[in-house]
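Working notes, structure below.
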Amino acid sequence: MEEGRISSSQLTLLVISFLFGTSLLLSPGRGAGQDSWLATLLGLGEGFIFALLNLALYNRFSGQSLVEINELVWGPIIGKFFSAAFLWYLFHLGSSGFAIFVTLLKTAIFMVTPEYILLVTGLITCIYTCKQGIEVISRMNEVLLFSTLFLFAFSLFLMLNIFEPKNLLPVLDLPVKKLLWVAHGTATFPFGQIIALAMVWPFLNETEQYRKSLFKGLIVAGIILILGEIRTGAVLGKISGFYVFPTYEAYRMINIAGVLTRLELIPVLNFLTMGFIKASILLYATSLGTAQMLKLRTYRPLVFPLGVLMIILAAQNYANISQHLEFTENIHPLYALPFQVILPLITLLMALIRGFPKQEVSK
Amino acid sequence: MIFLVVLGFGLMIFLEMPELIQKKYYRELVVFCILTLIGLILSILLTLGVELPYLDPLIKKAITGIGKLFY
Amino acid sequence: MIKVKFKKQKLFLRVIELGIIILILLLLSGCWDRRELENLAIVSGLGIDDPEQGEGYQLSFQIVKPAEVRAPGSSSGESGSGSSGSSGSKTVWLLRSKGTTVFDAIRNAHFQSNRRIFLSHNQVVIIGKKVAEEGILPVVDVLIRDPEPRLQQWLLIAQQQAGEILKLQAGVEKISANAIAELMENYYLTSKIKATNLHDFADGLVKKSTSNTLPIIGIKEENGEKSFILEETGILKEDRLVGYLDKKETRGLLWVLGKVKSGIIVVDLPDNKGKVSLEIMNAKSKVIPEVEDGKIKIKVEITEEANLGGETSFEDFSSPEALSRLEKLQAKVIEEEIKAALNKAKTYQLDIFGFGESIHRKDHKLWNAIEENWGEIFSQMEVEMKVKAVIRRMGLITKPTIISQNK
Amino acid sequence: MFRFLLRKIRLGKLKKNSSSVSDTNKFRRNLEENLELFQEELGDSPDIIIRRFNLNIKNRIKAAIIFIDGLMDSKVVYDSILYPLMIEAKKENWVVEESILDFIENNLLTVGSVEKDNDFTGLVESVLEGDTILLLDGYTEALILSTKGWEKRSISEPDTEVTIKGPREGYTESIRTNTAMIRRKLAHPGLTFENKKIGKKTRTSVSIAYLKGVVNEKLVEEVRRRLQRIDTDMILDANYIIELIEDSPFSPFPTVAYTERPDVTVAKILEGRVAILVDGTPVVNTVPTLFIESFQSPDDYNYHFLYATLIRWFRYLAFFFNILLAAFFVALSTFHQELIPTPLLISMAAATDGTPFPAVVEVVVMEVVFEILREAGIRLPRPIGQTISIVGALVIGQATVAAGLVGAPTVIIIALTAISSFVVPTQEEAGILLRLTLTIFAGILGAYGILLGILVVLTHLSSLRSFGVPYLSPIVPLSVEDLKDVVVRAPIWAMKTRPRLIGWPKPIRQEFNLGPELPEKPTEDRDDQGKI
């Protein structure tokens, strides 16, 4: 079904870009104001626990995707149910990625252009990449991620003159309960979402390296996200909590001698490239998972219709931005839990009970 | 507008179907057709201006409903 | 192999077809957000006033005429006086429009302007005094919310009508709004103006602990020629103009905020011996909140470095002792400036220094307790000042020339 | 239907013809009959010369040589063939032990390469290639005497790849000269040429060259296989071969590199590549080809490495200018004016004030005009070509701006783009295509359109392969070690290894600590293992 193989460093980079995806712009710890970096740090810790749980399952079935594992552990019927739930999550994640991407473009740059144009053009590019397989996605990712990191570092440098560490004080301004909730939010978005890569792990050419590259990716992405939060907080101060896209606003503050100003195209570019990778991975994972679930021989014909469904859903995700903000802040941390942790955990327990795996020797 | 949508879907079918038939991937063909049909119906409904429910509020309702069950 | 090749070619054909689809889509869709350069009215300055009659706001847009600005022949001299007050200079077009809200008024400008009002390159927002007294937030909200205007626009208050100021020609500059913006950017030459941009203003509004201040711009008439001039600094209670700081007090404020970069300190020598001008080279400030048995005390430490710039007396400052005497006098002047600003702020019960914020940063629990009546606490609070002023250099001569001649 | 029948008939005829040729393959013993056969096959063109003469060894034997005038080296034919056979042979009293044919071959002919053959088609072919064949009465075999030698262009400086400090010799149209030039630079027994005749009618000789021990055998096999597949009438130029063996024929990016310079070819062969030489073409192709090869100029290695690195970076910059500058200009001036610094915006607005067309149309039209001008300049004789460029510059540059048809910034951008496009000549064809499409995309969706375009191009590039090697390597997939000749031009002593994906069978080029050393230090004996 997929002939391509990726190397462990490519997987690391994929993990990083996947985590960057939408969170590079829609900062996950937004609700915590200037403490967002702290929330992200805590969320990273929780995300690690999620990752460990998922890896505990994957360790027993090395070389198989989550859909195949479900089938093995639960048998064809219940397994399909589990897989369907997982695929639904991926699908929804992809569509909400598209949705937020359009929201940003519509609020910041293209105010008049109709949504469907932005969606369809973006989708066609994604489909083209997806059809080329995981190898091409990960190669694209190398180029895009390095350019993103370069732009990130460059803009960090440009913001040095408006960087005020004072703005980050006082630490722990808001109640601990709220902070923990936001931290949990960052654990489910973006860190917990790497479960989507459970569809990609099997294509590693050095099969034993996935754990290392996953953790490496988590740490690097976590550090950069935290750096970003610190930067945004220090540049914008308390007002950062008022903006829908604080990072975007931070870039708008750049002013070097009146020449390098208004570099807000940079965060949009970062967001679009990383979001493109995330959307491609999700579309790829959904199509591949569906094909595996239904025992098809190729996933390629599914990419097109699933992509179209994804953008239809993206248009039907939320009626307005406040619905979405409420969803990400209050609902998503709960909604994501079953897909990210609970279902894999139950599968793991079941596998333990049934004594899986039977043929392969688990590590 | 509907014309455009149908045109788009037509192109999609035109691009995907021949290869599947040529290779005799009938199982894949069925799945492809079902998914395409769903997409076509949904997008026609949307272009006709039928108000479909939004997803985020639905999930919110479901989650709060489950929450109420426990309390 | 031939078969494989065939498949590849087909795949590529598909790619071409995909490209065609994208192109068709794009072409069909047209270009909604496209705006040609020649159809833009580039606004360089925005004035917001109360209308003479009726509800709402009256906006004045200073719109750049690019061709006039760039054309070498356009002399600002012939119409540059602006004294006629009718059309301003040739290089800009002053457009006025009314509306019930600011956004409404911006759109209403299109009753007159065929070109799209483009606010991205706006440099200054000048708010009429009347509007400022009623409240600035309803006016600037649209400027913060909309993605088009920048957050680095300077915010000023006009002594009377904002529109009048935008009408005026600025000395050498062809676009007067640019000149005002540069006045703000070069505030450090005197350090007697507190330049505030939209972001600072919004940030100040969010922090309940700090009150905003905005510079005030007025009109100066000389020999029948009008020009704008920076006057005092306005103190805002939340978003309403309630008080003023004069220039000395403004520098007192800047001392505490640590924003003094340069400027001249004039020291009166005792016994009316004359005046000494000292040029500030470097200044730092430190605000340390302290709590002593339930009472909040603020300690302000200021370190300043200056050069001897000039004197009107015949005093000889070349000896270390004389210089240290001068240093003390200088410290006293600085202290006085700060005290003046402090007293003014205390009478309004408005913390313009950000003392509250420093308490908040140090101990946010304490802050939460006193946040409600901070104004009152502030007005009765003890502020301890510690000014350390040094003089490093005294220019190219050591003594007044007259003395060296005598010797 | 009718056409189909016609084609069938024609095919049938063709088959008959070819079979008839193989029937007459057999030689007769009679010289005159043989000569008649040749005459029949070669026709009686005036350039085909059959020289009959008598051979006086032991007794008189009738003999003849056949050659084509102009293709043979007349000095060789007269001095080494005709003179010994007709004059020298008479002088001595020979004791002949073997057959006369062998005797002549061993004692009389002073030609370099002599071959015995009895295959008629083979003989005809060698005549057509410029060899001379010697026929004796009473023998069913003939001698092929290598007398090739025709008028050819002498070695001159290549026109397209000019270097300042490097060697000045470039390939010629003669494949033998070219192989000699390669051999002279790479005097290692591992250097192998494999010859092949391609083209049913043109019988063009195509040669592949590689270095045994360095090259990946699978790669050579793949090149052979692809060349084997070719079944066409004519190969007139190297590009005929390239288009038939390319990995993805629809891609605008060149997946087969070419060069006019033997030093470049040798360097590439030493990295483990395979060179394809085609007779009649003064360029040599090398595979596999990477994207970054377009940015490596031969002069890079003749200059100090720091300077070379800097220049290489400028080349990358120029490529980006070439592709993106016009598109960015359109996107900025029609969608994202807020990103332009205010004074620049005012200047631009002043310059475009009153121009009748949108920026996209301006840019695209100017680009097309520029391409037309360039094409005209290349095709015309050189003096007129220069006139064209002057007229173009004056008319297009000055007059349109003065007439207010096009803004001055557009002209500046197009000029910059045009100049940049000459910096990376091998990517020029792809450059034009990308530039135009991206400009149109930018005109429709601004920076978002450009981004989408770039994403599609990147996807295409990262899925491209050239003879099994990813086209974008070593950048993607990343191999840090190989960036020594991509991101920088590392000093020669630091280029320790061959490109990982190409030269992997024998990766080590030299010892690492080969950097210049102080003279006092005793230099260790380095074995020659890595060097080839």
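The chains in the structure tokens are called A, B, ... from first to last as shown; in each chain the residues are counted from 1, and the ligands are counted from 1 in the order shown.
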
Need the shell around Val30 (chain B): protein/DNA/RNA residues with any atom at most 12 Å away, counting only C-alpha atoms. Skip same-chain ones fewer than 5 positions apart. Format as an NGL selection string? (:A and (291 or 294 or 296 or 301-302)) or (:B and (17 or 20-21 or 24-25 or 35-37))

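Proximity to Glu36 (chain C) at 8 Å, evaluated using only C-alpha atoms and with sequence-adjacent residues fewer than 2 positions away removed, yields Arg34, Glu38, Asn39 and Leu40 of chain C; Ser333, Thr334, Phe335, Pro358 and Ala359 of chain D.
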
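Note that the spacing between CA of Tyr26 (chain B) and CA of Arg297 (chain A) amounts to 10.2 Å.
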
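We find CA of Leu241 (chain C) and CA of Glu134 (chain C) to be spaced 7.6 Å apart.
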
Could you list the residues in chain A lying within 6 Å of chain C, using only C-alpha atoms, and format the result as an NGL selection string? :A and (108 or 110 or 112-113 or 169-170 or 239)

Could the residues in this selection be saved with N, CA, C and O atoms as an mmCIF file, in the first residue's frame?
data_model
loop_
_atom_site.group_PDB
_atom_site.id
_atom_site.type_symbol
_atom_site.label_atom_id
_atom_site.label_comp_id
_atom_site.auth_asym_id
_atom_site.auth_seq_id
_atom_site.Cartn_x
_atom_site.Cartn_y
_atom_site.Cartn_z
ATOM 1 N N ALA A 108 -7.106 38.166 8.405
ATOM 2 C CA ALA A 108 -5.889 38.960 8.319
ATOM 3 C C ALA A 108 -5.570 39.450 6.920
ATOM 4 O O ALA A 108 -5.124 40.577 6.761
ATOM 5 N N PHE A 110 -7.093 37.973 3.368
ATOM 6 C CA PHE A 110 -8.093 37.934 2.300
ATOM 7 C C PHE A 110 -9.480 38.125 2.888
ATOM 8 O O PHE A 110 -10.135 37.166 3.237
ATOM 9 N N VAL A 112 -12.089 39.561 1.457
ATOM 10 C CA VAL A 112 -13.198 39.515 0.506
ATOM 11 C C VAL A 112 -13.267 38.183 -0.220
ATOM 12 O O VAL A 112 -14.344 37.722 -0.571
ATOM 13 N N THR A 113 -12.127 37.564 -0.425
ATOM 14 C CA THR A 113 -12.091 36.302 -1.162
ATOM 15 C C THR A 113 -12.968 35.262 -0.472
ATOM 16 O O THR A 113 -12.881 35.094 0.735
ATOM 17 N N LEU A 169 6.387 39.051 34.016
ATOM 18 C CA LEU A 169 6.088 39.037 35.443
ATOM 19 C C LEU A 169 4.674 39.548 35.676
ATOM 20 O O LEU A 169 4.185 40.349 34.910
ATOM 21 N N PRO A 170 3.991 39.217 36.690
ATOM 22 C CA PRO A 170 4.342 38.184 37.647
ATOM 23 C C PRO A 170 4.027 36.786 37.127
ATOM 24 O O PRO A 170 3.043 36.602 36.436
ATOM 25 N N ILE A 239 -1.581 42.351 27.253
ATOM 26 C CA ILE A 239 -2.630 42.458 26.245
ATOM 27 C C ILE A 239 -2.668 41.224 25.352
ATOM 28 O O ILE A 239 -3.651 40.998 24.645
#

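Across the model, the gap from CA of Ser205 (chain D) to CA of Met234 (chain D) is 11.2 Å.
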
Got a sec: who's within 12 Å of Leu323 (chain C), counting only C-alpha atoms, leaving out chain neighbours fewer than 2 positions off, as a PDB file with N, CA and C atoms, in the first residue's frame?
ATOM      1  N   VAL C 276      24.019  76.585  34.411  1.00  0.00           N
ATOM      2  CA  VAL C 276      24.859  75.594  33.736  1.00  0.00           C
ATOM      3  C   VAL C 276      23.944  74.617  33.008  1.00  0.00           C
ATOM      4  N   LEU C 278      23.575  71.023  31.366  1.00  0.00           N
ATOM      5  CA  LEU C 278      24.206  69.703  31.361  1.00  0.00           C
ATOM      6  C   LEU C 278      23.478  68.831  30.354  1.00  0.00           C
ATOM      7  N   ALA C 306      25.959  62.714  32.897  1.00  0.00           N
ATOM      8  CA  ALA C 306      25.793  63.888  32.046  1.00  0.00           C
ATOM      9  C   ALA C 306      27.156  64.455  31.680  1.00  0.00           C
ATOM     10  N   ASN C 307      27.141  65.288  30.663  1.00  0.00           N
ATOM     11  CA  ASN C 307      28.333  66.037  30.287  1.00  0.00           C
ATOM     12  C   ASN C 307      28.054  67.510  30.506  1.00  0.00           C
ATOM     13  N   LEU C 308      29.091  68.224  30.837  1.00  0.00           N
ATOM     14  CA  LEU C 308      28.927  69.665  30.976  1.00  0.00           C
ATOM     15  C   LEU C 308      28.836  70.258  29.576  1.00  0.00           C
ATOM     16  N   GLU C 315      32.156  80.495  36.539  1.00  0.00           N
ATOM     17  CA  GLU C 315      32.582  79.526  37.550  1.00  0.00           C
ATOM     18  C   GLU C 315      33.559  78.524  36.953  1.00  0.00           C
ATOM     19  N   ASP C 316      34.524  78.121  37.721  1.00  0.00           N
ATOM     20  CA  ASP C 316      35.501  77.134  37.285  1.00  0.00           C
ATOM     21  C   ASP C 316      35.137  75.782  37.866  1.00  0.00           C
ATOM     22  N   PHE C 317      34.783  74.834  36.986  1.00  0.00           N
ATOM     23  CA  PHE C 317      34.383  73.512  37.467  1.00  0.00           C
ATOM     24  C   PHE C 317      35.467  72.467  37.243  1.00  0.00           C
ATOM     25  N   SER C 318      36.690  72.949  37.003  1.00  0.00           N
ATOM     26  CA  SER C 318      37.702  71.963  36.623  1.00  0.00           C
ATOM     27  C   SER C 318      38.212  71.150  37.812  1.00  0.00           C
ATOM     28  N   SER C 319      37.959  71.625  39.013  1.00  0.00           N
ATOM     29  CA  SER C 319      38.415  70.830  40.156  1.00  0.00           C
ATOM     30  C   SER C 319      37.363  69.789  40.518  1.00  0.00           C
ATOM     31  N   PRO C 320      37.782  68.642  41.004  1.00  0.00           N
ATOM     32  CA  PRO C 320      36.830  67.592  41.372  1.00  0.00           C
ATOM     33  C   PRO C 320      35.797  68.061  42.383  1.00  0.00           C
ATOM     34  N   GLU C 321      36.219  68.887  43.307  1.00  0.00           N
ATOM     35  CA  GLU C 321      35.273  69.328  44.338  1.00  0.00           C
ATOM     36  C   GLU C 321      34.150  70.139  43.711  1.00  0.00           C
ATOM     37  N   ARG C 325      30.127  69.302  43.555  1.00  0.00           N
ATOM     38  CA  ARG C 325      29.066  70.224  44.001  1.00  0.00           C
ATOM     39  C   ARG C 325      28.002  70.355  42.917  1.00  0.00           C
ATOM     40  N   LEU C 326      28.495  70.486  41.679  1.00  0.00           N
ATOM     41  CA  LEU C 326      27.573  70.605  40.550  1.00  0.00           C
ATOM     42  C   LEU C 326      26.722  69.341  40.404  1.00  0.00           C
ATOM     43  N   GLU C 327      27.361  68.203  40.618  1.00  0.00           N
ATOM     44  CA  GLU C 327      26.628  66.935  40.534  1.00  0.00           C
ATOM     45  C   GLU C 327      25.471  66.915  41.508  1.00  0.00           C
ATOM     46  N   LYS C 328      25.724  67.425  42.696  1.00  0.00           N
ATOM     47  CA  LYS C 328      24.662  67.424  43.711  1.00  0.00           C
ATOM     48  C   LYS C 328      23.524  68.330  43.299  1.00  0.00           C
ATOM     49  N   LEU C 329      23.896  69.479  42.747  1.00  0.00           N
ATOM     50  CA  LEU C 329      22.861  70.403  42.277  1.00  0.00           C
ATOM     51  C   LEU C 329      22.018  69.753  41.198  1.00  0.00           C
ATOM     52  N   GLN C 330      22.735  69.044  40.354  1.00  0.00           N
ATOM     53  CA  GLN C 330      22.042  68.377  39.251  1.00  0.00           C
ATOM     54  C   GLN C 330      21.047  67.342  39.782  1.00  0.00           C
ATOM     55  N   ALA C 389      23.638  61.333  40.354  1.00  0.00           N
ATOM     56  CA  ALA C 389      23.953  61.996  39.097  1.00  0.00           C
ATOM     57  C   ALA C 389      25.439  62.260  39.035  1.00  0.00           C
ATOM     58  N   VAL C 390      26.035  61.897  37.934  1.00  0.00           N
ATOM     59  CA  VAL C 390      27.475  62.132  37.792  1.00  0.00           C
ATOM     60  C   VAL C 390      27.725  62.922  36.511  1.00  0.00           C
ATOM     61  N   ILE C 391      28.824  63.645  36.546  1.00  0.00           N
ATOM     62  CA  ILE C 391      29.243  64.370  35.345  1.00  0.00           C
ATOM     63  C   ILE C 391      30.559  63.763  34.900  1.00  0.00           C
ATOM     64  N   ARG C 392      30.588  63.336  33.685  1.00  0.00           N
ATOM     65  CA  ARG C 392      31.758  62.597  33.216  1.00  0.00           C
ATOM     66  C   ARG C 392      32.758  63.500  32.498  1.00  0.00           C
ATOM     67  N   ARG C 393      32.267  64.268  31.573  1.00  0.00           N
ATOM     68  CA  ARG C 393      33.165  65.044  30.722  1.00  0.00           C
ATOM     69  C   ARG C 393      32.697  66.486  30.673  1.00  0.00           C
ATOM     70  N   MET C 394      33.584  67.354  30.264  1.00  0.00           N
ATOM     71  CA  MET C 394      33.168  68.757  30.232  1.00  0.00           C
ATOM     72  C   MET C 394      33.498  69.411  28.892  1.00  0.00           C
ATOM     73  N   THR C 398      38.396  73.085  29.629  1.00  0.00           N
ATOM     74  CA  THR C 398      38.230  72.733  31.040  1.00  0.00           C
ATOM     75  C   THR C 398      37.632  73.880  31.838  1.00  0.00           C
ATOM     76  N   LYS C 399      38.008  75.097  31.498  1.00  0.00           N
ATOM     77  CA  LYS C 399      37.532  76.258  32.250  1.00  0.00           C
ATOM     78  C   LYS C 399      36.908  77.245  31.296  1.00  0.00           C
TER      79      LYS C 399
END

Hey, what's within 12 Å of Leu52 (chain B) if we count only C-alpha atoms and toss same-chain stuff fewer than 2 positions away? As number ranges by chain, please? A: 312-313, 315-319; B: 41-50, 54-55, 58

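Checking B:Pro53, B:Glu28, B:Val5, B:Leu40 one by one against Val303 (chain A), counting only C-alpha atoms, you find the shortest gap at B:Glu28.
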
Which chain A residues have any atom within 7 Å of an atom of chain D, and for each, what is the nearest pair of atoms with distance in Å to one decimal, counting only C-alpha atoms, rows sorted by chain and number, as JSON lines?
{"residue": "A:Gly122", "atom": "CA", "partner": "D:Leu452", "partner_atom": "CA", "distance": 7.0}
{"residue": "A:Thr125", "atom": "CA", "partner": "D:Val456", "partner_atom": "CA", "distance": 6.1}
{"residue": "A:Thr129", "atom": "CA", "partner": "D:Thr459", "partner_atom": "CA", "distance": 5.9}
{"residue": "A:Val136", "atom": "CA", "partner": "D:Ser463", "partner_atom": "CA", "distance": 5.7}
{"residue": "A:Arg139", "atom": "CA", "partner": "D:Val476", "partner_atom": "CA", "distance": 5.7}
{"residue": "A:Met140", "atom": "CA", "partner": "D:Thr459", "partner_atom": "CA", "distance": 6.2}
{"residue": "A:Glu142", "atom": "CA", "partner": "D:Val476", "partner_atom": "CA", "distance": 6.6}
{"residue": "A:Gly258", "atom": "CA", "partner": "D:Pro341", "partner_atom": "CA", "distance": 7.0}
{"residue": "A:Val259", "atom": "CA", "partner": "D:Pro341", "partner_atom": "CA", "distance": 5.8}
{"residue": "A:Arg262", "atom": "CA", "partner": "D:Leu339", "partner_atom": "CA", "distance": 5.5}
{"residue": "A:Leu263", "atom": "CA", "partner": "D:Leu339", "partner_atom": "CA", "distance": 6.7}

Which neighbours of Pro84 (chain D) fall inside 12 Å, counting only C-alpha atoms, when residues of the same chain fewer than 2 positions from it are skipped, and could you give them as a ChimeraX atom specification? /D:54-57,76-82,86-92,104-105,107-111

Per DSSP on the backbone, what are the helix (DSSP H, G or I) residues of region 135-363 of chain A, as a PyMOL selection string? chain A and resi 135-162+165-168+176-188+191-199+201-203+207-242+246-252+265-293+300-315+321-354

So, counting only C-alpha atoms, which residue among D:Phe120, D:Phe250, D:Tyr210, D:Tyr240 is closest to chain C? D:Phe250

Need to verify the contact set: region 190-197 of chain C, 9 Å, only C-alpha atoms, exclusion of same-chain residues closer than 6 positions in sequence. Can you return it as a PyMOL selection string? chain C and resi 124+151-156+183-184+212-216+230-233+246-255+259-264

Atoms kept (N, CA, C and O atoms) for selection, written as a compact mmCIF listing (two decimals), in the first residue's frame:
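Once everything was written out, this is again32.txt:
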# COMPACT_ATOMS: atom_id res chain seq x y z
N VAL C 124 0.18 58.75 12.29
CA VAL C 124 -0.27 59.36 13.55
C VAL C 124 -1.79 59.40 13.60
O VAL C 124 -2.47 59.56 12.58
N LEU C 151 -0.08 48.90 14.67
CA LEU C 151 -0.15 49.17 16.11
C LEU C 151 0.89 50.21 16.50
O LEU C 151 0.89 50.69 17.62
N GLN C 152 1.80 50.54 15.59
CA GLN C 152 2.84 51.50 15.95
C GLN C 152 2.46 52.93 15.61
O GLN C 152 3.32 53.80 15.63
N GLN C 153 1.19 53.17 15.28
CA GLN C 153 0.80 54.55 15.02
C GLN C 153 0.91 55.34 16.31
O GLN C 153 0.52 54.88 17.38
N TRP C 154 1.41 56.56 16.17
CA TRP C 154 1.51 57.41 17.35
C TRP C 154 0.15 58.01 17.67
O TRP C 154 -0.59 58.39 16.76
N LEU C 155 -0.11 58.07 18.94
CA LEU C 155 -1.40 58.60 19.37
C LEU C 155 -1.15 59.94 20.03
O LEU C 155 -0.30 60.06 20.91
N LEU C 156 -1.86 60.98 19.58
CA LEU C 156 -1.68 62.31 20.16
C LEU C 156 -3.03 62.93 20.43
O LEU C 156 -4.05 62.54 19.85
N LEU C 183 8.76 63.63 15.09
CA LEU C 183 8.86 64.33 16.37
C LEU C 183 8.76 63.34 17.52
O LEU C 183 9.47 63.42 18.52
N MET C 184 7.84 62.39 17.34
CA MET C 184 7.63 61.40 18.40
C MET C 184 8.85 60.48 18.51
O MET C 184 9.31 60.16 19.60
N ASN C 212 -2.58 55.89 31.48
CA ASN C 212 -1.92 56.31 30.26
C ASN C 212 -1.67 57.80 30.24
O ASN C 212 -2.39 58.58 30.86
N THR C 213 -0.66 58.17 29.52
CA THR C 213 -0.43 59.58 29.24
C THR C 213 -0.25 59.72 27.74
O THR C 213 0.28 58.83 27.09
N LEU C 214 -0.73 60.83 27.21
CA LEU C 214 -0.59 61.05 25.78
C LEU C 214 -0.05 62.45 25.55
O LEU C 214 -0.39 63.39 26.28
N PRO C 215 0.82 62.61 24.55
CA PRO C 215 1.32 63.94 24.25
C PRO C 215 0.24 64.82 23.63
O PRO C 215 -0.68 64.33 22.99
N ILE C 216 0.37 66.10 23.85
CA ILE C 216 -0.62 67.04 23.34
C ILE C 216 0.05 67.94 22.33
O ILE C 216 1.16 68.43 22.54
N LEU C 230 4.60 70.72 19.86
CA LEU C 230 4.24 69.81 20.94
C LEU C 230 4.16 70.59 22.24
O LEU C 230 5.06 71.35 22.57
N GLU C 231 3.06 70.39 22.92
CA GLU C 231 2.88 71.14 24.15
C GLU C 231 3.10 70.25 25.36
O GLU C 231 4.18 69.74 25.57
N GLU C 232 2.01 70.01 26.10
CA GLU C 232 2.17 69.29 27.36
C GLU C 232 1.91 67.81 27.15
O GLU C 232 1.90 67.31 26.04
N THR C 233 1.68 67.16 28.27
CA THR C 233 1.30 65.76 28.23
C THR C 233 -0.02 65.62 28.96
O THR C 233 -0.19 66.20 30.04
N ASP C 246 3.07 69.49 32.67
CA ASP C 246 3.85 70.36 31.80
C ASP C 246 5.15 69.66 31.43
O ASP C 246 5.39 68.51 31.79
N LYS C 247 6.01 70.36 30.71
CA LYS C 247 7.16 69.66 30.14
C LYS C 247 8.13 69.18 31.22
O LYS C 247 8.72 68.10 31.10
N LYS C 248 8.27 69.98 32.24
CA LYS C 248 9.16 69.60 33.33
C LYS C 248 8.64 68.34 34.02
O LYS C 248 9.38 67.37 34.26
N GLU C 249 7.34 68.36 34.26
CA GLU C 249 6.74 67.20 34.92
C GLU C 249 6.81 65.96 34.04
O GLU C 249 6.99 64.84 34.52
N THR C 250 6.68 66.20 32.72
CA THR C 250 6.77 65.07 31.81
C THR C 250 8.11 64.39 31.93
O THR C 250 8.23 63.16 31.96
N ARG C 251 9.17 65.22 32.04
CA ARG C 251 10.47 64.59 32.18
C ARG C 251 10.59 63.88 33.52
O ARG C 251 11.22 62.82 33.61
N GLY C 252 9.95 64.46 34.54
CA GLY C 252 9.92 63.76 35.82
C GLY C 252 9.35 62.37 35.66
O GLY C 252 9.87 61.38 36.20
N LEU C 253 8.28 62.28 34.86
CA LEU C 253 7.66 60.97 34.60
C LEU C 253 8.63 60.05 33.87
O LEU C 253 8.82 58.88 34.22
N LEU C 254 9.28 60.62 32.86
CA LEU C 254 10.19 59.80 32.06
C LEU C 254 11.39 59.32 32.88
O LEU C 254 11.90 58.23 32.66
N TRP C 255 11.83 60.17 33.84
CA TRP C 255 12.93 59.72 34.71
C TRP C 255 12.56 58.42 35.39
O TRP C 255 13.33 57.47 35.41
N LYS C 259 12.91 56.28 30.72
CA LYS C 259 12.89 56.52 29.28
C LYS C 259 13.67 57.76 28.88
O LYS C 259 13.65 58.14 27.71
N VAL C 260 14.32 58.39 29.85
CA VAL C 260 15.13 59.56 29.50
C VAL C 260 16.40 59.05 28.81
O VAL C 260 17.09 58.19 29.32
N LYS C 261 16.63 59.59 27.62
CA LYS C 261 17.81 59.14 26.89
C LYS C 261 18.81 60.28 26.77
O LYS C 261 20.01 60.10 26.83
N SER C 262 18.25 61.46 26.54
CA SER C 262 19.12 62.61 26.32
C SER C 262 18.32 63.85 26.73
O SER C 262 17.20 63.73 27.20
N GLY C 263 18.90 65.00 26.53
CA GLY C 263 18.19 66.21 26.92
C GLY C 263 19.11 67.11 27.72
O GLY C 263 20.26 66.76 27.99
N ILE C 264 18.61 68.26 28.05
CA ILE C 264 19.42 69.25 28.75
C ILE C 264 18.84 69.48 30.14
O ILE C 264 17.63 69.68 30.28

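Take the candidates C:Leu94, C:Ala181, C:Leu198, C:Ala132 and check each one against Arg252 (chain A) using only C-alpha atoms; the shortest distance goes to C:Leu198.
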
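All chain B residues having an atom within 10 Å of chain C, based on only C-alpha atoms, amount to Leu4, Gly8, Leu11, Met12, Leu15, Glu16 and Glu19 of chain B.
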
With C-alpha atoms retained, write the just-selected residues as a PDB file, in the first residue's frame.
ATOM      1  CA  LEU B   4     -19.199  24.387 -10.824  1.00  0.00           C
ATOM      2  CA  GLY B   8     -15.444  19.664 -10.000  1.00  0.00           C
ATOM      3  CA  LEU B  11     -13.335  16.005 -12.983  1.00  0.00           C
ATOM      4  CA  MET B  12     -12.508  14.111  -9.825  1.00  0.00           C
ATOM      5  CA  LEU B  15      -9.367  11.458 -13.017  1.00  0.00           C
ATOM      6  CA  GLU B  16      -9.751   8.575 -10.591  1.00  0.00           C
ATOM      7  CA  GLU B  19      -7.427   3.675 -13.460  1.00  0.00           C
TER       8      GLU B  19
END
